[in-house]
Structure formats: structure tokens, C-alpha cells
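Raw contents of coords11.txt, compact mmCIF, C-alpha atoms:
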# COMPACT_ATOMS: atom_id res chain seq x y z
CA MET A 797 2.52 -12.81 -17.58
CA PRO A 798 -1.26 -13.20 -17.07
CA GLN A 799 -3.55 -10.21 -16.68
CA PHE A 800 -4.56 -8.94 -13.24
CA ALA A 801 -8.08 -10.41 -13.53
CA ASP A 802 -6.66 -13.85 -14.34
CA LEU A 803 -4.22 -13.68 -11.42
CA LEU A 804 -7.07 -12.64 -9.15
CA ARG A 805 -9.24 -15.56 -10.27
CA GLU A 806 -6.34 -17.98 -9.89
CA HIS A 807 -5.07 -16.90 -6.46
CA GLN A 808 -8.01 -15.34 -4.63
CA SER A 809 -8.73 -18.49 -2.63
CA LEU A 810 -5.08 -18.85 -1.61
CA VAL A 811 -5.02 -15.31 -0.21
CA TYR A 812 -8.51 -15.43 1.28
CA SER A 813 -7.89 -18.76 2.95
CA LEU A 814 -4.57 -17.69 4.49
CA ALA A 815 -6.22 -14.55 5.83
CA TYR A 816 -9.31 -16.41 7.02
CA HIS A 817 -7.36 -19.03 8.98
CA ALA A 818 -5.08 -16.37 10.43
CA LEU A 819 -7.83 -13.92 11.44
CA GLY A 820 -10.76 -16.29 12.00
CA ASP A 821 -13.12 -13.69 10.59
CA ARG A 822 -14.70 -13.79 7.11
CA ALA A 823 -15.24 -10.04 6.72
CA ALA A 824 -11.70 -9.21 7.86
CA ALA A 825 -10.32 -11.90 5.53
CA GLU A 826 -12.24 -10.39 2.60
CA ASP A 827 -10.93 -6.91 3.42
CA LEU A 828 -7.38 -8.17 3.73
CA THR A 829 -7.70 -10.10 0.44
CA GLN A 830 -8.86 -6.90 -1.26
CA GLU A 831 -5.96 -4.90 0.21
CA VAL A 832 -3.44 -7.51 -0.90
CA PHE A 833 -4.77 -7.65 -4.47
CA LEU A 834 -4.94 -3.87 -4.76
CA ALA A 835 -1.30 -3.80 -3.66
CA LEU A 836 -0.56 -6.45 -6.29
CA HIS A 837 -2.28 -4.25 -8.87
CA GLU A 838 0.25 -1.53 -7.99
CA HIS A 839 3.27 -3.86 -8.05
CA LEU A 840 2.34 -5.99 -11.02
CA GLY A 841 4.84 -4.30 -13.33
CA LYS A 842 7.71 -5.20 -10.99
CA LEU A 843 6.96 -8.94 -10.79
CA GLU A 844 8.53 -11.12 -13.44
CA SER A 845 6.49 -14.32 -13.50
CA GLU A 846 3.42 -15.99 -12.06
CA ALA A 847 5.65 -17.91 -9.63
CA HIS A 848 6.93 -14.57 -8.32
CA VAL A 849 3.35 -13.35 -8.05
CA LYS A 850 2.33 -16.36 -5.97
CA ALA A 851 5.33 -16.00 -3.63
CA TRP A 852 4.69 -12.25 -3.38
CA LEU A 853 1.01 -12.84 -2.54
CA MET A 854 1.85 -15.36 0.18
CA ARG A 855 4.50 -13.09 1.70
CA VAL A 856 2.34 -9.98 1.71
CA THR A 857 -0.71 -11.87 3.00
CA ALA A 858 1.31 -13.51 5.78
CA ASN A 859 2.89 -10.23 6.87
CA ARG A 860 -0.37 -8.28 6.74
CA SER A 861 -2.14 -11.05 8.66
CA ILE A 862 0.54 -10.93 11.35
CA ASP A 863 0.17 -7.14 11.58
CA GLU A 864 -3.61 -7.42 11.78
CA ILE A 865 -3.49 -10.13 14.47
CA ARG A 866 -1.16 -7.96 16.55
CA ARG A 867 -3.36 -4.90 16.05
CA ARG A 868 -6.47 -6.81 17.08
CA ARG A 869 -4.80 -8.36 20.09
CA TYR A 870 -3.73 -4.90 21.18
CA ARG A 871 -7.24 -3.49 20.61
CA ARG A 872 -9.59 -6.14 21.94
CA GLY A 873 -7.95 -9.57 22.00
CA PRO A 874 -8.22 -12.26 19.35
CA SER A 875 -11.34 -12.22 17.20
CA LEU A 876 -12.75 -15.64 16.56
CA GLU A 877 -15.71 -16.92 14.64
CA GLN A 878 -14.93 -20.48 15.63
CA THR A 879 -15.81 -20.13 19.28
CA SER A 880 -18.28 -22.99 19.47
CA GLU A 881 -17.76 -25.42 22.31
CA PRO A 882 -17.49 -29.12 21.33
CA VAL A 883 -20.86 -30.82 20.96
CA ARG A 884 -20.66 -34.20 22.62
CA GLU A 885 -22.03 -36.29 19.74
CA PRO A 886 -19.64 -39.06 18.65
CA LEU A 887 -20.66 -38.78 14.97
CA GLN A 888 -19.83 -35.10 14.91
CA GLU A 889 -16.58 -35.52 16.73
CA GLU A 890 -14.46 -35.07 13.63
CA MET A 891 -16.16 -31.76 12.77
CA VAL A 892 -15.94 -30.61 16.36
CA LEU A 893 -12.29 -31.56 16.46
CA ARG A 894 -11.58 -29.45 13.37
CA ASP A 895 -13.46 -26.50 14.82
CA GLU A 896 -11.55 -26.86 18.03
CA VAL A 897 -8.23 -27.08 16.21
CA ARG A 898 -9.09 -23.88 14.30
CA ARG A 899 -10.18 -22.20 17.51
CA LEU A 900 -6.93 -23.13 19.25
CA VAL A 901 -4.83 -22.15 16.22
CA ALA A 902 -6.41 -18.71 16.50
CA THR A 903 -5.05 -18.38 20.04
CA LEU A 904 -1.42 -18.85 18.95
CA PRO A 905 0.93 -15.87 18.64
CA ALA A 906 0.79 -14.14 15.25
CA THR A 907 3.99 -15.50 13.70
CA ALA A 908 3.53 -19.05 15.02
CA ARG A 909 -0.03 -19.05 13.70
CA THR A 910 1.06 -17.88 10.28
CA ILE A 911 3.83 -20.48 10.12
CA LEU A 912 1.33 -23.21 10.99
CA ILE A 913 -1.12 -22.05 8.31
CA LEU A 914 1.54 -21.80 5.61
CA ARG A 915 2.76 -25.29 6.56
CA TYR A 916 -0.59 -27.09 6.75
CA GLN A 917 -2.73 -25.13 4.32
CA GLU A 918 -0.16 -24.60 1.58
CA GLU A 919 2.14 -27.52 2.46
CA LEU A 920 5.18 -25.26 2.19
CA GLU A 921 8.62 -26.50 3.15
CA LEU A 922 10.19 -24.94 6.22
CA ALA A 923 12.83 -23.21 4.08
CA GLU A 924 10.12 -21.65 1.90
CA ILE A 925 8.26 -20.38 4.99
CA ALA A 926 11.52 -18.98 6.36
CA ARG A 927 12.17 -17.20 3.07
CA LEU A 928 8.65 -15.78 2.91
CA LEU A 929 8.65 -14.49 6.47
CA GLU A 930 12.34 -13.52 6.39
CA VAL A 931 13.19 -15.46 9.55
CA PRO A 932 15.80 -18.20 10.08
CA VAL A 933 14.75 -21.78 9.20
CA GLN A 934 15.58 -22.83 12.75
CA THR A 935 13.05 -20.31 14.07
CA VAL A 936 10.36 -21.69 11.78
CA LYS A 937 11.21 -25.22 12.82
CA SER A 938 11.17 -24.54 16.55
CA ARG A 939 7.99 -22.46 16.46
CA LEU A 940 6.20 -25.03 14.36
CA HIS A 941 7.27 -27.85 16.62
CA ARG A 942 6.27 -25.95 19.73
CA SER A 943 2.89 -24.93 18.25
CA VAL A 944 1.99 -28.44 17.10
CA ASN A 945 2.89 -29.91 20.46
CA LEU A 946 0.95 -27.25 22.30
CA LEU A 947 -2.12 -27.79 20.14
CA ARG A 948 -1.84 -31.55 20.46
CA GLN A 949 -1.73 -31.32 24.26
CA ARG A 950 -4.62 -28.90 24.47
CA ILE A 951 -6.81 -30.92 22.12
CA ALA A 952 -5.98 -34.17 23.90
CA ARG A 953 -6.80 -32.61 27.26
CA LYS A 954 -10.05 -31.13 26.01
CA PHE A 955 -11.34 -34.27 24.30
CA SER A 956 -10.24 -36.59 27.07
CA ALA A 957 -12.23 -34.48 29.51
CA ALA A 958 -15.24 -34.47 27.16
CA ARG A 959 -15.05 -38.22 26.73
CA ALA A 960 -14.72 -38.81 30.47
CA GLY A 961 -17.78 -36.63 30.99
CA ARG A 962 -19.77 -38.65 28.45
CA GLN A 963 -18.79 -41.98 30.00
CA ALA A 964 -19.71 -40.77 33.49
CA MET B 961 -6.19 -42.66 21.42
CA THR B 962 -5.58 -43.51 17.78
CA GLU B 963 -7.05 -40.19 16.55
CA TRP B 964 -4.07 -38.34 18.04
CA ASP B 965 -1.55 -40.55 16.26
CA ASN B 966 -1.71 -38.48 13.17
CA PHE B 967 -2.29 -35.06 14.56
CA GLU B 968 -0.73 -33.41 11.55
CA ASP B 969 -3.51 -34.86 9.37
CA HIS B 970 -6.04 -33.19 11.67
CA LEU B 971 -4.18 -29.95 11.24
CA ARG B 972 -4.20 -30.31 7.46
CA ALA B 973 -7.93 -31.06 7.49
CA SER B 974 -8.68 -28.17 9.84
CA LEU B 975 -6.55 -25.69 7.92
CA ARG B 976 -7.41 -26.85 4.42
CA ARG B 977 -7.84 -24.13 1.85
CA VAL B 978 -11.30 -22.53 1.86
CA GLU B 979 -12.80 -21.04 -1.29
CA ALA B 980 -13.08 -17.30 -1.60
CA PRO B 981 -16.70 -16.15 -1.30
CA ALA B 982 -18.70 -15.49 -4.46
CA GLY B 983 -18.54 -11.86 -5.49
CA LEU B 984 -15.17 -11.14 -3.92
CA GLN B 985 -13.43 -11.18 -7.30
CA GLU B 986 -15.90 -8.63 -8.75
CA ARG B 987 -15.56 -6.45 -5.64
CA ILE B 988 -11.78 -6.39 -5.96
CA LEU B 989 -11.89 -5.70 -9.71
CA HIS B 990 -14.35 -2.87 -9.06
CA ALA B 991 -12.10 -1.41 -6.35
CA ALA B 992 -9.07 -1.66 -8.66
CA ARG B 993 -10.97 0.13 -11.43
CA LEU B 994 -12.07 2.85 -9.01
CA ARG B 995 -8.54 3.29 -7.75
CA ARG B 996 -7.22 3.56 -11.33
CA LEU B 997 -9.90 6.12 -12.20
CA ARG B 998 -9.15 8.09 -9.06
CA ARG B 999 -5.45 8.11 -9.90
CA GLN B 1000 -6.15 9.24 -13.47
CA LEU B 1001 -8.36 12.00 -12.10
CA TRP B 1002 -5.58 13.13 -9.75
CA LEU B 1003 -3.05 13.01 -12.57
CA ARG B 1004 -5.28 15.14 -14.77
CA ALA B 1005 -5.93 17.59 -11.94
CA ALA B 1006 -2.19 17.79 -11.31
CA ALA B 1007 -1.55 18.36 -15.04
CA VAL B 1008 -4.14 21.16 -15.14
CA LEU B 1009 -2.67 22.72 -12.00
CA LEU B 1010 0.81 22.54 -13.51
CA LEU B 1011 -0.48 24.16 -16.68
CA VAL B 1012 -2.14 26.98 -14.71
CA ILE B 1013 1.01 27.55 -12.63
CA SER B 1014 3.15 27.56 -15.81
CA ALA B 1015 0.80 30.03 -17.51
CA ALA B 1016 0.82 32.30 -14.46
CA ALA B 1017 4.62 32.15 -14.24
CA TYR B 1018 4.92 32.90 -17.95
CA GLY B 1019 2.47 35.81 -17.49
CA VAL B 1020 4.57 37.31 -14.71
CA PHE B 1021 7.77 36.75 -16.73
CA TRP B 1022 6.20 38.33 -19.83
CA ARG B 1023 5.03 41.35 -17.81
CA LEU B 1024 8.49 41.83 -16.32
CA GLN B 1025 9.97 41.62 -19.84
CA VAL B 1026 7.53 44.29 -21.10
CA ARG B 1027 8.44 46.55 -18.19
CA ALA B 1028 12.15 46.03 -18.82
CA ARG B 1029 11.67 46.87 -22.51
CA GLN B 1030 9.68 50.02 -21.59
CA ALA B 1031 12.39 51.07 -19.15
CA GLU B 1032 15.07 50.53 -21.80
CA GLN B 1033 13.07 52.55 -24.30
CA ALA B 1034 12.63 55.38 -21.80
CA ARG B 1035 16.37 55.35 -21.05
CA ARG B 1036 17.20 55.61 -24.77
CA GLN B 1037 14.70 58.46 -25.22
CA LEU B 1038 16.25 60.29 -22.30
CA GLU B 1039 19.74 59.78 -23.73
CA LEU B 1040 18.54 61.09 -27.11
CA ALA B 1041 16.92 64.10 -25.45
CA ILE B 1042 20.16 64.87 -23.59
CA GLN B 1043 22.15 64.52 -26.82
CA ILE B 1044 19.75 66.91 -28.64
CA THR B 1045 19.90 69.40 -25.80
CA ASN B 1046 23.73 69.20 -25.73
CA ARG B 1047 23.88 69.74 -29.49
CA ARG B 1048 21.50 72.73 -29.26
CA LEU B 1049 23.48 74.25 -26.42
CA SER B 1050 26.69 73.90 -28.41
CA GLN B 1051 25.08 75.70 -31.39
CA VAL B 1052 23.89 78.55 -29.16
CA GLU B 1053 27.37 78.80 -27.66
CA GLN B 1054 28.93 79.01 -31.14
CA GLN B 1055 26.41 81.70 -32.23
CA LEU B 1056 27.17 83.74 -29.14
CA SER B 1057 30.90 83.40 -29.71
CA SER B 1058 30.49 84.56 -33.33
CA ILE B 1059 28.88 87.83 -32.24
CA GLY B 1060 31.55 88.41 -29.60
CA VAL B 1061 29.62 87.62 -26.46
CA LYS B 1062 31.95 85.98 -24.03
CA THR B 1063 29.71 85.90 -21.02
CA ILE B 1064 26.03 86.32 -20.47
CA ARG B 1065 24.94 87.98 -17.32
CA PHE B 1066 21.78 86.52 -16.00
CA GLU B 1067 20.20 89.92 -15.28
CA GLU B 1068 20.68 91.08 -18.95
CA VAL B 1069 19.17 87.90 -20.34
CA SER B 1070 16.19 88.04 -18.04
CA GLN B 1071 15.52 91.64 -19.04
Could you render the structure as C-alpha cells?
Amino acid sequence: MPQFADLLREHQSLVYSLAYHALGDRAAAEDLTQEVFLALHEHLGKLESEAHVKAWLMRVTANRSIDEIRRRRYRRGPSLEQTSEPVREPLQEEMVLRDEVRRLVATLPATARTILILRYQEELELAEIARLLEVPVQTVKSRLHRSVNLLRQRIARKFSAARAGRQA
Amino acid sequence: MTEWDNFEDHLRASLRRVEAPAGLQERILHAARLRRLRRQLWLRAAAVLLLVISAAAYGVFWRLQVRARQAEQARRQLELAIQITNRRLSQVEQQLSSIGVKTIRFEEVSQ
């Protein structure tokens, strides 16, 4: 079993990135990453292998992100860094599209958002996501499907309107 | 609208893993060290407190033991004094019997 410092070096980006995409806020993602690794420091003796450590990190990060999203929504609504409106330059469209996707992902409910991030950032199978979040696979499947469709519709609507505006 | 055909690719690109900022690792290691130190400090403080409480409890116990021993000693001394007094009274009674005094009137003795 690697030392704590090695595990930190190996998995810090995984944890930070999950938290960052879920919260849309660099400072909050750093704080959450620190909390998760300090918790790992406490639990390290109970984890058997590096594979367990990785699964544990993803589960704890996902659950804490969901809690934090809910707390923020209750306090002052979703916090977003990616609030920029699309710039209507064709060459930048790809970048704008990504920003917009991130912005819209940040408006999804906590669990749906986390499922989407685990699926598309970490490429996890639906069964793995279900195991991590302790929800039925069917729930993961339906929420993912619903979220992707919702995002697709919103993005299509937004960019069609932008394009129509440019052509006019 | 070909760009929407592979919307999942857009999602992957938008949600791709971002690198942790420089310095985060050191910050976490520092916090972990601090937490360990703080816990050690608490453990030591708790150990010292336990030691003080144990010493105080032993002190009280020892004091109670000393008092019990003193009380026992006093009881034995009293018993001995009673025994001596009894013995002396018996001797006096025998001496009085030997000279034929059956009863002693208080007024005669006091005179």
C-alpha cells in the first residue's frame, strides 16, 4: 500500500476535478479536496489496496459534493464560475460550447450532476456509479438519460438562437 | 446540426479531468501534519491529565488508609487500656477481700 503522500500525488487531480465540475468553484473544490484527503489520512489503515482507495475517494468526493451543492442551493443558489454568455465568434464556438455545457451541468440537481460527472469525467460504468452512490442502477440510468437529453435540448436551443441572431 | 450528433463527446470534452492547482498537495500535506501534531498534543495532554487524576485519587486513597490505620491503632490502645484497668481493678478487689473488706462505702473512702 503506497504512502499517503504518494496517494495524494496520484489522486489529487481526480478528487479536485470531480469537486470542481460539481461545484463550479476553484476555491471550494480545493477546500473539498483537502477535506477528502484529510479524511483519507484518518481512514488509511482501514483500506486494503490502492483500488479501494480510489473507489473510496470517488465515493466520498461524490457524496460530499452532493452535500455541498445542496447546502449552497439552500443558502444562496448555485455558485458558478462559468457564467459567461456565449461569444458569437465562430472560431471560438467550441470553447463557448464547452463553457455553456459546464454552466448548464452546474444547474442540474446534485445527484444528477454527480452522476454525469462520474460518467463523463471518469468514464465509469453505470453499475460502478450506482455502487459508489449507493443507488439502484436503474436510477443512475434514468437520471443520466434525462440529464443528457435536457442538456442537449438546452444547448441546441441556445446555439440555434445565437446562430439565428448572427445570420440576421 | 452535425455538432449535436455526438453530444456525449461534447460532454466528455467539457467535463474532462482538470489538473489540481500547484501547491494544493503541499497545503494538504501541511494540514495533515498539523492535524497529526494537534492529535499528539491532545493525546499527551490527556495522558498528563490522567496521570494527575490517578495521582490525586491515589493520594486520597493513601490518606484514607492512613486514617484507617490510625483509627485501628487507637482502638487497640483503648482495648489495651481497658484490659489494664480491668486487671488493676481485679487486683484491688483481691487485696480488699484478703483484708476482709466486703464493701466499701463511698463516704469512708472519700474521707
In Å, how far is it from atom CA of Ser1050 of chain B to atom CA of Ala1031 of chain B? 28.5 Å
Within 9 Å of chain A, which residues of chain B are there when counting all atoms listed in the file? Please give them as a ChimeraX atom specification. /B:961,964,967-981,984-985,987-989,991-992,995
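Between atom CA of Glu1032 of chain B and atom CA of Asn1046 of chain B the interatomic distance comes to 21.0 Å.
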Please report the interatomic distance between atom CA of Gln1055 of chain B and atom CA of Leu1038 of chain B in Å with one decimal. 25.7 Å
Skip Leu929 of chain A itself and residues of its chain fewer than 6 positions away, then list as a ChimeraX atom specification all residues within 9 Å of it, counting only C-alpha atoms. /A:855,858-859,907,911
Identify the residues within 12 Å of coordinate (-2.6, -8.3, 15.0) (same frame as the file), considering all atoms listed in the file, and give the answer as a count of residues only. 31
